[in-house]
file target.cif (mmCIF, C-alpha atoms)
data_entry
loop_
_atom_site.label_atom_id
_atom_site.label_comp_id
_atom_site.auth_asym_id
_atom_site.auth_seq_id
_atom_site.Cartn_x
_atom_site.Cartn_y
_atom_site.Cartn_z
CA MET Q 7 60.79 13.97 -39.12
CA THR Q 8 60.26 10.32 -40.08
CA SER Q 9 58.42 9.25 -43.21
CA SER Q 10 55.46 8.04 -41.13
CA SER Q 11 55.30 11.40 -39.36
CA ARG Q 12 55.31 13.23 -42.69
CA LEU Q 13 52.48 11.01 -43.92
CA ARG Q 14 50.41 11.70 -40.80
CA ALA Q 15 50.99 15.44 -41.29
CA LEU Q 16 49.42 15.22 -44.75
CA LEU Q 17 46.42 13.10 -43.80
CA PRO Q 18 43.18 14.76 -42.62
CA ASP Q 19 42.91 15.59 -38.92
CA LEU Q 20 40.18 13.34 -37.44
CA ALA Q 21 39.91 15.20 -34.12
CA PRO Q 22 36.38 16.58 -34.83
CA TRP Q 23 35.18 13.10 -35.83
CA ARG Q 24 36.54 11.54 -32.62
CA ALA Q 25 35.32 14.28 -30.31
CA SER Q 26 31.73 14.85 -31.49
CA ALA Q 27 29.07 12.20 -32.11
CA ASP Q 28 26.77 14.85 -33.60
CA PHE Q 29 29.48 15.83 -36.08
CA ARG Q 30 29.82 12.18 -37.09
CA ARG Q 31 26.07 11.90 -37.74
CA LEU Q 32 25.99 15.15 -39.67
CA TRP Q 33 29.04 14.13 -41.69
CA VAL Q 34 27.66 10.72 -42.68
CA ALA Q 35 24.25 12.22 -43.51
CA GLY Q 36 25.97 14.77 -45.74
CA LEU Q 37 28.01 12.07 -47.45
CA VAL Q 38 24.89 10.04 -48.25
CA THR Q 39 22.72 12.92 -49.44
CA ASN Q 40 25.51 14.54 -51.45
CA PHE Q 41 26.15 11.25 -53.24
CA GLY Q 42 22.49 11.11 -54.26
CA SER Q 43 22.37 14.78 -55.20
CA PHE Q 44 25.29 14.31 -57.60
CA LEU Q 45 23.25 11.64 -59.37
CA THR Q 46 20.57 14.24 -60.07
CA PHE Q 47 23.26 16.85 -60.77
CA VAL Q 48 24.33 14.76 -63.77
CA ALA Q 49 20.92 13.38 -64.76
CA LEU Q 50 19.11 16.74 -64.91
CA PRO Q 51 21.28 18.48 -67.55
CA VAL Q 52 21.52 15.23 -69.52
CA GLN Q 53 17.73 14.99 -69.60
CA MET Q 54 17.47 18.65 -70.61
CA LYS Q 55 20.00 18.08 -73.41
CA VAL Q 56 18.07 15.03 -74.63
CA LEU Q 57 14.73 16.87 -74.59
CA THR Q 58 15.92 20.16 -76.13
CA GLY Q 59 19.38 19.68 -77.71
CA SER Q 60 20.19 23.25 -76.66
CA ALA Q 61 23.20 24.53 -74.68
CA VAL Q 62 21.19 27.63 -73.81
CA ALA Q 63 18.38 25.49 -72.36
CA VAL Q 64 20.87 23.60 -70.21
CA GLY Q 65 22.52 26.82 -69.07
CA ALA Q 66 19.09 28.25 -68.23
CA ILE Q 67 18.86 25.77 -65.36
CA GLY Q 68 21.30 28.04 -63.56
CA ALA Q 69 19.17 31.07 -64.38
CA VAL Q 70 15.98 29.64 -62.84
CA GLU Q 71 17.95 28.68 -59.71
CA LEU Q 72 19.40 32.15 -59.26
CA VAL Q 73 16.44 34.10 -57.82
CA PRO Q 74 15.50 31.40 -55.25
CA LEU Q 75 19.15 31.23 -54.19
CA VAL Q 76 19.36 34.98 -53.62
CA VAL Q 77 16.00 35.40 -51.87
CA PHE Q 78 15.97 32.24 -49.79
CA GLY Q 79 19.71 32.30 -49.10
CA LEU Q 80 19.31 35.52 -47.14
CA TYR Q 81 16.05 34.38 -45.58
CA GLY Q 82 17.57 31.00 -44.76
CA GLY Q 83 20.31 32.75 -42.83
CA GLU Q 84 17.65 34.56 -40.83
CA LEU Q 85 15.83 31.32 -40.08
CA ALA Q 86 19.07 29.60 -39.07
CA ASP Q 87 19.65 32.27 -36.40
CA ALA Q 88 16.02 32.36 -35.22
CA LEU Q 89 14.97 28.67 -35.23
CA ASP Q 90 16.25 25.27 -34.17
CA LYS Q 91 18.92 24.45 -36.75
CA ARG Q 92 18.41 20.68 -36.62
CA LYS Q 93 14.67 20.91 -37.29
CA LEU Q 94 15.27 23.29 -40.18
CA ILE Q 95 17.74 20.85 -41.73
CA VAL Q 96 15.35 17.90 -41.32
CA TYR Q 97 12.37 19.68 -42.89
CA THR Q 98 14.31 20.98 -45.88
CA GLU Q 99 15.97 17.59 -46.44
CA ALA Q 100 12.55 15.92 -46.50
CA GLY Q 101 11.32 18.58 -48.95
CA GLN Q 102 14.23 17.84 -51.27
CA GLY Q 103 13.19 14.20 -51.23
CA VAL Q 104 9.67 15.14 -52.35
CA LEU Q 105 11.08 17.16 -55.25
CA CYS Q 106 13.27 14.25 -56.28
CA ALA Q 107 10.17 12.06 -56.34
CA GLY Q 108 8.64 14.57 -58.78
CA LEU Q 109 11.62 14.22 -61.11
CA LEU Q 110 11.27 10.44 -60.93
CA VAL Q 111 7.59 10.57 -61.87
CA ASN Q 112 8.29 12.89 -64.81
CA ALA Q 113 11.17 10.71 -66.04
CA VAL Q 114 9.15 7.50 -66.18
CA THR Q 115 6.19 8.99 -68.05
CA PRO Q 116 5.96 8.15 -71.79
CA ASN Q 117 6.57 11.79 -72.77
CA PRO Q 118 8.65 13.63 -70.13
CA ALA Q 119 8.07 17.38 -70.05
CA VAL Q 120 10.71 20.10 -69.90
CA TRP Q 121 8.93 22.51 -67.54
CA PRO Q 122 9.07 20.22 -64.47
CA LEU Q 123 12.85 20.22 -64.72
CA TYR Q 124 12.94 23.99 -64.36
CA VAL Q 125 10.31 24.04 -61.61
CA VAL Q 126 12.09 21.40 -59.54
CA ALA Q 127 15.46 23.11 -60.10
CA ALA Q 128 14.03 26.40 -58.76
CA LEU Q 129 12.29 24.82 -55.75
CA SER Q 130 15.32 22.69 -54.95
CA ALA Q 131 17.50 25.80 -55.02
CA ALA Q 132 15.11 27.49 -52.59
CA LEU Q 133 15.19 24.57 -50.15
CA GLY Q 134 18.95 24.23 -50.44
CA ALA Q 135 19.34 27.96 -49.79
CA VAL Q 136 17.24 27.68 -46.63
CA GLN Q 137 19.09 24.58 -45.44
CA ARG Q 138 22.72 25.46 -46.06
CA PRO Q 139 23.05 28.36 -43.57
CA ALA Q 140 21.62 26.12 -40.85
CA MET Q 141 24.04 23.35 -41.81
CA ASP Q 142 27.05 25.67 -41.90
CA SER Q 143 26.18 27.45 -38.65
CA LEU Q 144 25.53 24.16 -36.83
CA THR Q 145 29.10 22.92 -37.28
CA PRO Q 146 30.74 25.54 -35.00
CA ARG Q 147 28.25 24.56 -32.26
CA ILE Q 148 29.14 20.87 -32.30
CA VAL Q 149 32.89 21.21 -32.95
CA ALA Q 150 35.52 22.83 -30.71
CA HIS Q 151 37.01 26.10 -31.97
CA GLU Q 152 40.49 24.66 -32.44
CA HIS Q 153 39.01 21.81 -34.50
CA LEU Q 154 37.10 24.01 -36.94
CA PRO Q 155 39.74 24.04 -39.72
CA ALA Q 156 39.94 20.24 -39.45
CA ALA Q 157 36.13 20.02 -39.55
CA GLY Q 158 36.14 22.19 -42.67
CA ALA Q 159 38.64 19.86 -44.32
CA LEU Q 160 36.57 16.80 -43.33
CA ASN Q 161 33.40 18.41 -44.67
CA SER Q 162 35.25 19.08 -47.90
CA LEU Q 163 36.35 15.46 -47.95
CA GLN Q 164 32.73 14.40 -47.50
CA TRP Q 165 31.68 16.49 -50.49
CA THR Q 166 34.52 15.34 -52.69
CA VAL Q 167 34.09 11.63 -51.98
CA SER Q 168 30.43 11.84 -52.96
CA GLY Q 169 31.34 14.20 -55.80
CA VAL Q 170 33.67 11.64 -57.34
CA ALA Q 171 31.53 8.56 -56.74
CA GLY Q 172 28.17 10.19 -57.52
CA PRO Q 173 28.84 11.51 -61.05
CA ALA Q 174 30.83 8.43 -62.02
CA PHE Q 175 28.01 6.18 -60.84
CA ALA Q 176 25.43 8.48 -62.46
CA GLY Q 177 27.17 8.23 -65.83
CA VAL Q 178 26.84 4.45 -65.72
CA VAL Q 179 23.26 4.48 -64.42
CA VAL Q 180 22.00 7.04 -66.95
CA ALA Q 181 23.74 5.32 -69.85
CA TYR Q 182 22.73 1.75 -69.05
CA ALA Q 183 19.67 1.88 -66.77
CA GLY Q 184 18.00 5.22 -67.53
CA LEU Q 185 17.32 8.56 -65.89
CA GLY Q 186 14.56 7.14 -63.68
CA TRP Q 187 16.99 4.91 -61.81
CA ALA Q 188 19.29 7.88 -61.07
CA TYR Q 189 16.39 9.86 -59.58
CA ALA Q 190 15.19 6.80 -57.61
CA ALA Q 191 18.64 6.29 -56.07
CA ASP Q 192 18.75 9.97 -55.09
CA LEU Q 193 15.34 9.66 -53.43
CA ALA Q 194 16.57 6.72 -51.34
CA THR Q 195 19.54 8.73 -50.06
CA PHE Q 196 17.24 11.46 -48.75
CA VAL Q 197 15.40 8.88 -46.64
CA VAL Q 198 18.68 7.73 -45.08
CA SER Q 199 19.99 11.25 -44.42
CA VAL Q 200 16.77 12.37 -42.70
CA ALA Q 201 16.96 9.34 -40.40
CA LEU Q 202 20.53 10.25 -39.42
CA ILE Q 203 19.92 13.97 -38.84
CA VAL Q 204 16.92 13.30 -36.59
CA GLY Q 205 19.38 11.73 -34.11
CA ILE Q 206 21.40 14.94 -33.70
CA ALA Q 207 20.84 16.96 -30.52
CA ALA Q 208 18.55 19.97 -30.74
CA SER Q 209 20.24 23.26 -31.62
CA PRO Q 210 17.90 26.11 -30.60
CA ALA Q 211 18.39 29.77 -31.39
CA SER Q 212 21.03 31.64 -29.39
CA HIS Q 213 19.90 33.98 -26.61
CA GLY Q 214 20.70 37.06 -28.67
CA ALA Q 215 18.71 35.89 -31.71
CA THR Q 216 16.18 38.27 -33.24
CA LYS Q 217 13.05 37.50 -35.21
CA PRO Q 218 13.48 37.30 -39.00
CA SER Q 219 13.07 40.75 -40.54
CA LEU Q 220 14.54 42.98 -43.21
CA ARG Q 221 16.26 44.92 -40.44
CA SER Q 222 17.95 41.76 -39.23
CA VAL Q 223 19.07 40.90 -42.78
CA ALA Q 224 20.50 44.40 -43.11
CA GLU Q 225 22.39 43.96 -39.84
CA GLY Q 226 24.13 40.89 -41.23
CA ALA Q 227 24.87 42.65 -44.52
CA ARG Q 228 26.36 45.66 -42.68
CA TYR Q 229 28.61 43.38 -40.67
CA ALA Q 230 29.80 41.60 -43.82
CA TRP Q 231 30.46 44.95 -45.52
CA SER Q 232 32.46 46.17 -42.52
CA ARG Q 233 34.72 43.12 -42.74
CA LYS Q 234 36.69 43.70 -45.92
CA GLU Q 235 38.54 40.40 -45.60
CA LEU Q 236 35.19 38.58 -45.55
CA LEU Q 237 33.97 40.68 -48.46
CA GLY Q 238 37.09 39.72 -50.35
CA THR Q 239 36.41 36.00 -50.00
CA TYR Q 240 32.93 36.52 -51.43
CA VAL Q 241 33.84 38.58 -54.47
CA ILE Q 242 36.87 36.50 -55.46
CA ASP Q 243 34.86 33.30 -55.40
CA LEU Q 244 32.01 34.95 -57.31
CA ALA Q 245 34.43 36.09 -60.02
CA ALA Q 246 36.11 32.69 -60.30
CA MET Q 247 32.84 30.78 -60.59
CA PHE Q 248 31.11 33.25 -62.90
CA PHE Q 249 33.89 33.48 -65.44
CA ALA Q 250 35.31 29.95 -65.32
CA MET Q 251 32.60 27.46 -64.31
CA PRO Q 252 32.21 25.15 -67.37
CA LEU Q 253 29.74 22.54 -66.06
CA ALA Q 254 26.78 23.61 -68.23
CA VAL Q 255 28.67 22.87 -71.45
CA LEU Q 256 30.33 19.59 -70.43
CA PRO Q 257 27.67 17.44 -72.19
CA PHE Q 258 28.47 19.31 -75.43
CA LEU Q 259 32.23 19.17 -74.83
CA ALA Q 260 31.97 15.39 -74.48
CA ASP Q 261 30.17 15.29 -77.85
CA GLU Q 262 32.89 17.44 -79.48
CA LEU Q 263 35.54 15.03 -78.23
CA ASP Q 264 33.51 12.15 -79.65
CA ALA Q 265 33.39 10.63 -76.16
CA GLU Q 266 29.84 10.78 -74.85
CA TRP Q 267 30.77 7.94 -72.48
CA SER Q 268 33.18 10.31 -70.69
CA LEU Q 269 30.53 12.74 -69.38
CA GLY Q 270 30.34 11.08 -65.98
CA LEU Q 271 34.14 11.25 -65.74
CA MET Q 272 34.11 14.94 -66.65
CA TYR Q 273 31.67 15.72 -63.87
CA ALA Q 274 33.68 13.55 -61.47
CA THR Q 275 37.14 14.98 -62.20
CA VAL Q 276 36.56 18.34 -60.49
CA PRO Q 277 35.48 16.61 -57.25
CA ALA Q 278 38.33 14.12 -57.76
CA GLY Q 279 40.81 16.98 -57.64
CA SER Q 280 39.09 18.30 -54.55
CA LEU Q 281 39.30 14.82 -53.01
CA LEU Q 282 43.03 14.71 -53.62
CA VAL Q 283 43.48 17.94 -51.67
CA SER Q 284 41.14 16.77 -48.90
CA LEU Q 285 43.03 13.50 -48.44
CA THR Q 286 46.35 15.33 -48.18
CA GLY Q 287 44.98 18.41 -46.41
CA GLY Q 288 47.01 18.15 -43.21
CA TRP Q 289 49.29 20.92 -44.53
CA THR Q 290 46.44 23.45 -44.48
CA SER Q 291 46.55 23.73 -40.68
CA ARG Q 292 50.09 25.11 -40.93
CA ILE Q 293 49.07 27.98 -43.25
CA HIS Q 294 48.15 31.23 -41.49
CA ARG Q 295 47.74 33.74 -44.33
CA HIS Q 296 44.44 32.38 -45.55
CA GLY Q 297 43.50 35.35 -47.74
CA ARG Q 298 46.51 34.98 -49.99
CA MET Q 299 45.73 31.29 -50.49
CA VAL Q 300 42.14 32.12 -51.50
CA ALA Q 301 43.34 34.49 -54.23
CA LEU Q 302 46.16 32.23 -55.46
CA ALA Q 303 43.84 29.21 -55.69
CA ALA Q 304 41.27 31.22 -57.68
CA VAL Q 305 43.93 32.28 -60.20
CA CYS Q 306 45.08 28.67 -60.60
CA TRP Q 307 41.44 27.58 -61.06
CA GLY Q 308 41.15 29.97 -64.01
CA LEU Q 309 44.39 28.68 -65.54
CA ALA Q 310 43.19 25.09 -65.23
CA MET Q 311 39.88 25.86 -66.95
CA ALA Q 312 41.71 27.67 -69.74
CA GLY Q 313 43.81 24.55 -70.24
CA ALA Q 314 40.69 22.36 -70.36
CA GLY Q 315 39.26 24.57 -73.10
CA VAL Q 316 42.40 24.50 -75.21
CA ALA Q 317 43.23 20.78 -74.90
CA HIS Q 318 41.99 18.49 -77.68
CA ASN Q 319 42.92 15.23 -75.98
CA LEU Q 320 40.21 13.84 -73.68
CA TRP Q 321 42.67 12.77 -70.99
CA LEU Q 322 44.29 16.20 -70.95
CA VAL Q 323 40.85 17.78 -70.56
CA LEU Q 324 40.15 15.46 -67.62
CA LEU Q 325 43.55 16.30 -66.10
CA PHE Q 326 42.93 20.05 -66.30
CA LEU Q 327 39.46 19.65 -64.80
CA MET Q 328 40.97 17.66 -61.95
CA LEU Q 329 43.62 20.34 -61.36
CA GLY Q 330 40.81 22.88 -61.27
CA GLY Q 331 39.12 20.81 -58.59
CA CYS Q 332 42.33 20.86 -56.53
CA CYS Q 333 42.45 24.64 -56.72
CA ASP Q 334 38.76 25.02 -55.92
CA MET Q 335 39.16 22.90 -52.78
CA VAL Q 336 42.17 24.88 -51.57
CA SER Q 337 40.16 28.07 -51.98
CA GLY Q 338 37.16 26.53 -50.20
CA ILE Q 339 39.17 25.31 -47.21
CA PHE Q 340 40.71 28.71 -46.54
CA ARG Q 341 37.49 30.63 -47.17
CA ALA Q 342 35.70 28.39 -44.67
CA ALA Q 343 38.51 28.85 -42.15
CA ILE Q 344 38.19 32.64 -42.34
CA TRP Q 345 34.41 32.44 -41.95
CA ASN Q 346 34.30 29.87 -39.14
CA GLN Q 347 37.07 31.38 -37.06
CA THR Q 348 35.98 35.02 -37.09
CA ILE Q 349 32.16 35.33 -37.24
CA PRO Q 350 30.19 35.77 -33.96
CA ASP Q 351 27.66 33.04 -33.11
CA GLU Q 352 24.64 35.34 -33.10
CA LEU Q 353 25.40 36.40 -36.69
CA ARG Q 354 26.58 33.07 -38.00
CA GLY Q 355 23.31 32.06 -39.67
CA ARG Q 356 22.89 35.35 -41.51
CA LEU Q 357 26.51 35.39 -42.60
CA ALA Q 358 26.17 31.76 -43.70
CA GLY Q 359 23.32 32.95 -45.93
CA ILE Q 360 25.60 35.55 -47.50
CA GLU Q 361 28.33 32.93 -47.84
CA LEU Q 362 25.83 30.66 -49.58
CA LEU Q 363 25.23 33.38 -52.15
CA SER Q 364 28.95 33.83 -52.69
CA TYR Q 365 29.65 30.17 -53.47
CA SER Q 366 26.30 29.28 -55.09
CA VAL Q 367 25.25 32.29 -57.14
CA GLY Q 368 28.59 32.37 -58.94
CA PRO Q 369 28.26 28.82 -60.33
CA GLN Q 370 24.62 29.45 -61.33
CA LEU Q 371 25.52 32.63 -63.19
CA GLY Q 372 28.52 30.76 -64.56
CA GLN Q 373 26.23 28.18 -66.11
CA VAL Q 374 24.27 30.94 -67.85
CA ARG Q 375 27.51 32.57 -69.02
CA ALA Q 376 28.98 29.29 -70.25
CA GLY Q 377 25.83 28.27 -72.12
CA GLY Q 378 25.32 31.70 -73.65
CA MET Q 379 28.94 32.12 -74.72
CA ALA Q 380 28.97 28.61 -76.18
CA ALA Q 381 25.91 29.44 -78.29
CA TRP Q 382 27.44 32.79 -79.33
CA THR Q 383 30.97 31.50 -80.08
CA SER Q 384 31.76 27.82 -79.49
CA VAL Q 385 31.94 25.34 -76.64
CA ARG Q 386 35.73 25.45 -76.49
CA THR Q 387 35.88 29.25 -76.57
CA SER Q 388 33.36 29.39 -73.75
CA VAL Q 389 35.66 27.26 -71.59
CA TRP Q 390 39.12 28.68 -72.32
CA ALA Q 391 38.09 32.34 -72.59
CA GLY Q 392 36.25 32.11 -69.29
CA GLY Q 393 39.41 30.80 -67.64
CA VAL Q 394 41.55 33.61 -69.03
CA ILE Q 395 39.07 36.29 -67.95
CA CYS Q 396 38.94 34.68 -64.49
CA VAL Q 397 42.70 35.06 -64.06
CA GLY Q 398 42.58 38.74 -64.96
CA ALA Q 399 39.54 39.46 -62.77
CA VAL Q 400 40.95 37.75 -59.68
CA GLY Q 401 44.31 39.45 -60.12
CA ALA Q 402 42.63 42.85 -60.27
CA LEU Q 403 40.48 42.08 -57.22
CA ALA Q 404 43.53 40.96 -55.21
CA LEU Q 405 45.12 44.37 -55.82
CA CYS Q 406 41.96 46.06 -54.56
CA LEU Q 407 41.66 43.93 -51.40
CA PRO Q 408 44.68 44.65 -49.18
CA LYS Q 409 42.91 43.46 -46.00
CA LEU Q 410 42.25 40.05 -47.50
CA MET Q 411 45.85 39.77 -48.68
CA ALA Q 412 47.11 40.78 -45.21
CA TYR Q 413 44.77 38.43 -43.28
CA ASP Q 414 46.66 36.31 -40.72
CA VAL Q 415 44.63 34.09 -38.40
CA ARG Q 416 47.22 34.52 -35.63
CA THR Q 417 46.81 38.29 -35.44
CA ASN Q 418 43.44 39.21 -37.00
CA GLU Q 419 41.38 40.96 -34.32
CA HIS Q 420 38.19 39.06 -35.10
CA ALA Q 421 39.94 35.68 -35.04
CA VAL Q 422 41.66 36.52 -31.75
CA ARG Q 423 38.36 37.67 -30.21
CA SER Q 424 36.49 34.57 -31.36
CA ARG Q 425 39.24 32.27 -30.09
CA SER Q 426 39.31 33.99 -26.71
CA ALA Q 427 35.50 33.84 -26.40
CA ARG Q 428 35.40 30.12 -27.19
CA GLU Q 429 38.18 29.39 -24.70
CA GLY Q 430 36.32 31.40 -22.07
CA GLY Q 431 33.02 29.65 -22.78
CA ALA Q 432 31.20 32.81 -23.86
CA PRO Q 433 29.91 33.67 -27.33
CA ALA Q 434 31.94 36.14 -29.29
CA SER Q 435 30.23 39.51 -29.68
CA VAL Q 436 30.32 41.75 -32.68
#

call {"tool": "encode", "arguments": {"input": "target.cif", "output": "structure tokens"}}
result
Amino acid sequence: MTSSSRLRALLPDLAPWRASADFRRLWVAGLVTNFGSFLTFVALPVQMKVLTGSAVAVGAIGAVELVPLVVFGLYGGELADALDKRKLIVYTEAGQGVLCAGLLVNAVTPNPAVWPLYVVAALSAALGAVQRPAMDSLTPRIVAHEHLPAAGALNSLQWTVSGVAGPAFAGVVVAYAGLGWAYAADLATFVVSVALIVGIAASPASHGATKPSLRSVAEGARYAWSRKELLGTYVIDLAAMFFAMPLAVLPFLADELDAEWSLGLMYATVPAGSLLVSLTGGWTSRIHRHGRMVALAAVCWGLAMAGAGVAHNLWLVLLFLMLGGCCDMVSGIFRAAIWNQTIPDELRGRLAGIELLSYSVGPQLGQVRAGGMAAWTSVRTSVWAGGVICVGAVGALALCLPKLMAYDVRTNEHAVRSRSAREGGAPASV
């Protein structure tokens, strides 16, 4: 193999981008809106820290987001199966823009209040929970089955590019222009993303879709429970994020390092690590035992966070955070591959709702854990101890999840059935 061939093997596969105009629109819209959302992602905890000076108050942002995520994540999966996915995405995106306008108004008042920050965080979590299942379940409809792993890698690239640029830009904007400008820029990105998504073709409910109901939610939950390899991806990610997600205490860690200017970099380094994996993610298509990679990446994530908590040099902290981002992206790529290549179309929205809980509830609970442990012990202990506990928890879970460890996309019955159904032009059945 020549050097140019080896380089092409590492670079992202652009087949989904070339083959689907709707995927291109959705991808660009996601890039724009994610960039803006990362501005608010940095500005909100900074504003809370300025107004309260409390790590617990910052960590409580995750607590107020938790209930809306759980309730509306499951309901959002129902809606994604029962309604037109594109319309659902457009309406929730517009709603997020309205909430961002509320943050802007509060920020520019002479005496900003704390309670609007919690209210907007909760409502934004609800809208995001409704939107994400529709977004995730739309991708398999507009991308060919054999291109789904590549589409997952490109979607990860989209997130990481905005995740690096957004926090870094936010750090500069908040420090030199003010919180209001960060919220205003985020509001502008919602306008652009809505305009792009409107141009995507309609995506109505599948013929086998049922009306939203508790019975329908239970059907999705039963299917997830019956698929132990799917269940394994959920619980491992929950454990990794709950025990080792340090984002809530990063503003205080920057203070401890006497480098307040570095906060934007701290928030950007995790996505920067993810970006590095996304840009060199061609190797992922040659891995078939996805379950083992999910568990290994989660263990390495915990080790990286432990290193960030122990290190006293700012640049070492940033390096460990970036390594954690690499591991998180590897885990995300292979979790998404398992989900996208094995779940039947008529259940995809409801399962996307459960998936949303697995990769969103963990970080929210992790914020509460990180803030509470920091107040109880210290900021550094909160970070390194969480990483160590993460390693032990994931290792124990891997021993208890033989089906996840044995998962091979070439032979798994659900992957084979889904692949055969897509090649035959018929939806895969449960």

call {"tool": "resolve_selection", "arguments": {"input": "target.cif", "expression": "the PyMOL selection byres ((chain Q and resi 77) around 10)", "output": "MDAnalysis selection string"}}
result
chainID Q and resid 72:76 78:82 132 135:136 359 363

call {"tool": "write_last_selection", "arguments": {"input": "target.cif", "atoms": "C-alpha atoms", "output": "PDB file, in the frame of the given file"}}
result
ATOM      1  CA  LEU Q  72      19.400  32.150 -59.260  1.00  0.00           C
ATOM      2  CA  VAL Q  73      16.440  34.100 -57.820  1.00  0.00           C
ATOM      3  CA  PRO Q  74      15.500  31.400 -55.250  1.00  0.00           C
ATOM      4  CA  LEU Q  75      19.150  31.230 -54.190  1.00  0.00           C
ATOM      5  CA  VAL Q  76      19.360  34.980 -53.620  1.00  0.00           C
ATOM      6  CA  PHE Q  78      15.970  32.240 -49.790  1.00  0.00           C
ATOM      7  CA  GLY Q  79      19.710  32.300 -49.100  1.00  0.00           C
ATOM      8  CA  LEU Q  80      19.310  35.520 -47.140  1.00  0.00           C
ATOM      9  CA  TYR Q  81      16.050  34.380 -45.580  1.00  0.00           C
ATOM     10  CA  GLY Q  82      17.570  31.000 -44.760  1.00  0.00           C
ATOM     11  CA  ALA Q 132      15.110  27.490 -52.590  1.00  0.00           C
ATOM     12  CA  ALA Q 135      19.340  27.960 -49.790  1.00  0.00           C
ATOM     13  CA  VAL Q 136      17.240  27.680 -46.630  1.00  0.00           C
ATOM     14  CA  GLY Q 359      23.320  32.950 -45.930  1.00  0.00           C
ATOM     15  CA  LEU Q 363      25.230  33.380 -52.150  1.00  0.00           C
TER      16      LEU Q 363
END

call {"tool": "resolve_selection", "arguments": {"input": "target.cif", "expression": "the PyMOL selection byres ((chain Q and resi 304) around 7)", "output": "ChimeraX atom specification"}}
result
/Q:246,300-303,305-308,333-334,337,400

call {"tool": "resolve_selection", "arguments": {"input": "target.cif", "expression": "the PyMOL selection byres ((chain Q and resi 151) around 10)", "output": "list in words"}}
result
Pro22, Pro146, Arg147, Ile148, Val149, Ala150, Glu152, His153, Leu154, Pro155, Ala156, Ala157, Asn346, Gln347, Ser424, Arg425, Ser426, Ala427, Arg428 and Glu429 of chain Q

call {"tool": "write_last_selection", "arguments": {"input": "target.cif", "atoms": "C-alpha atoms", "output": "PDB file, in the coordinates of the input"}}
result
ATOM      1  CA  PRO Q  22      36.380  16.580 -34.830  1.00  0.00           C
ATOM      2  CA  PRO Q 146      30.740  25.540 -35.000  1.00  0.00           C
ATOM      3  CA  ARG Q 147      28.250  24.560 -32.260  1.00  0.00           C
ATOM      4  CA  ILE Q 148      29.140  20.870 -32.300  1.00  0.00           C
ATOM      5  CA  VAL Q 149      32.890  21.210 -32.950  1.00  0.00           C
ATOM      6  CA  ALA Q 150      35.520  22.830 -30.710  1.00  0.00           C
ATOM      7  CA  GLU Q 152      40.490  24.660 -32.440  1.00  0.00           C
ATOM      8  CA  HIS Q 153      39.010  21.810 -34.500  1.00  0.00           C
ATOM      9  CA  LEU Q 154      37.100  24.010 -36.940  1.00  0.00           C
ATOM     10  CA  PRO Q 155      39.740  24.040 -39.720  1.00  0.00           C
ATOM     11  CA  ALA Q 156      39.940  20.240 -39.450  1.00  0.00           C
ATOM     12  CA  ALA Q 157      36.130  20.020 -39.550  1.00  0.00           C
ATOM     13  CA  ASN Q 346      34.300  29.870 -39.140  1.00  0.00           C
ATOM     14  CA  GLN Q 347      37.070  31.380 -37.060  1.00  0.00           C
ATOM     15  CA  SER Q 424      36.490  34.570 -31.360  1.00  0.00           C
ATOM     16  CA  ARG Q 425      39.240  32.270 -30.090  1.00  0.00           C
ATOM     17  CA  SER Q 426      39.310  33.990 -26.710  1.00  0.00           C
ATOM     18  CA  ALA Q 427      35.500  33.840 -26.400  1.00  0.00           C
ATOM     19  CA  ARG Q 428      35.400  30.120 -27.190  1.00  0.00           C
ATOM     20  CA  GLU Q 429      38.180  29.390 -24.700  1.00  0.00           C
TER      21      GLU Q 429
END

call {"tool": "atom_distance", "arguments": {"input": "target.cif", "atom1": "atom CA of Q:Thr195", "atom2": "atom CA of Q:Leu37"}}
result
9.5 Å

call {"tool": "closest_residue", "arguments": {"input": "target.cif", "among": "Q:Phe44, Q:Phe196, Q:Phe248, Q:Tyr240", "to": "Q:Leu357", "atoms": "all atoms listed in the file"}}
result
Q:Tyr240

call {"tool": "residues_around", "arguments": {"input": "target.cif", "residues": "stretch 219-236 of chain Q", "least_positions_apart": "2", "cutoff": "6 Å", "atoms": "only C-alpha atoms", "output": "compact mmCIF listing (two decimals) with C-alpha atoms, in the frame of the given file"}}
result
# COMPACT_ATOMS: atom_id res chain seq x y z
CA GLY Q 238 37.09 39.72 -50.35
CA THR Q 239 36.41 36.00 -50.00
CA ARG Q 356 22.89 35.35 -41.51
CA LYS Q 409 42.91 43.46 -46.00
CA LEU Q 410 42.25 40.05 -47.50

call {"tool": "closest_residue", "arguments": {"input": "target.cif", "among": "Q:Leu322, Q:Leu405, Q:Ile95, Q:Ala312", "to": "Q:Ala201", "atoms": "only C-alpha atoms"}}
result
Q:Ile95

call {"tool": "closest_residue", "arguments": {"input": "target.cif", "among": "Q:Ile339, Q:Leu244, Q:Leu89, Q:Ala25", "to": "Q:Ser366", "atoms": "only C-alpha atoms"}}
result
Q:Leu244

call {"tool": "atom_distance", "arguments": {"input": "target.cif", "atom1": "atom CA of Q:Ala314", "atom2": "atom CA of Q:Gly134"}}
result
29.5 Å

call {"tool": "atom_distance", "arguments": {"input": "target.cif", "atom1": "atom CA of Q:Ala254", "atom2": "atom CA of Q:Met272"}}
result
11.5 Å
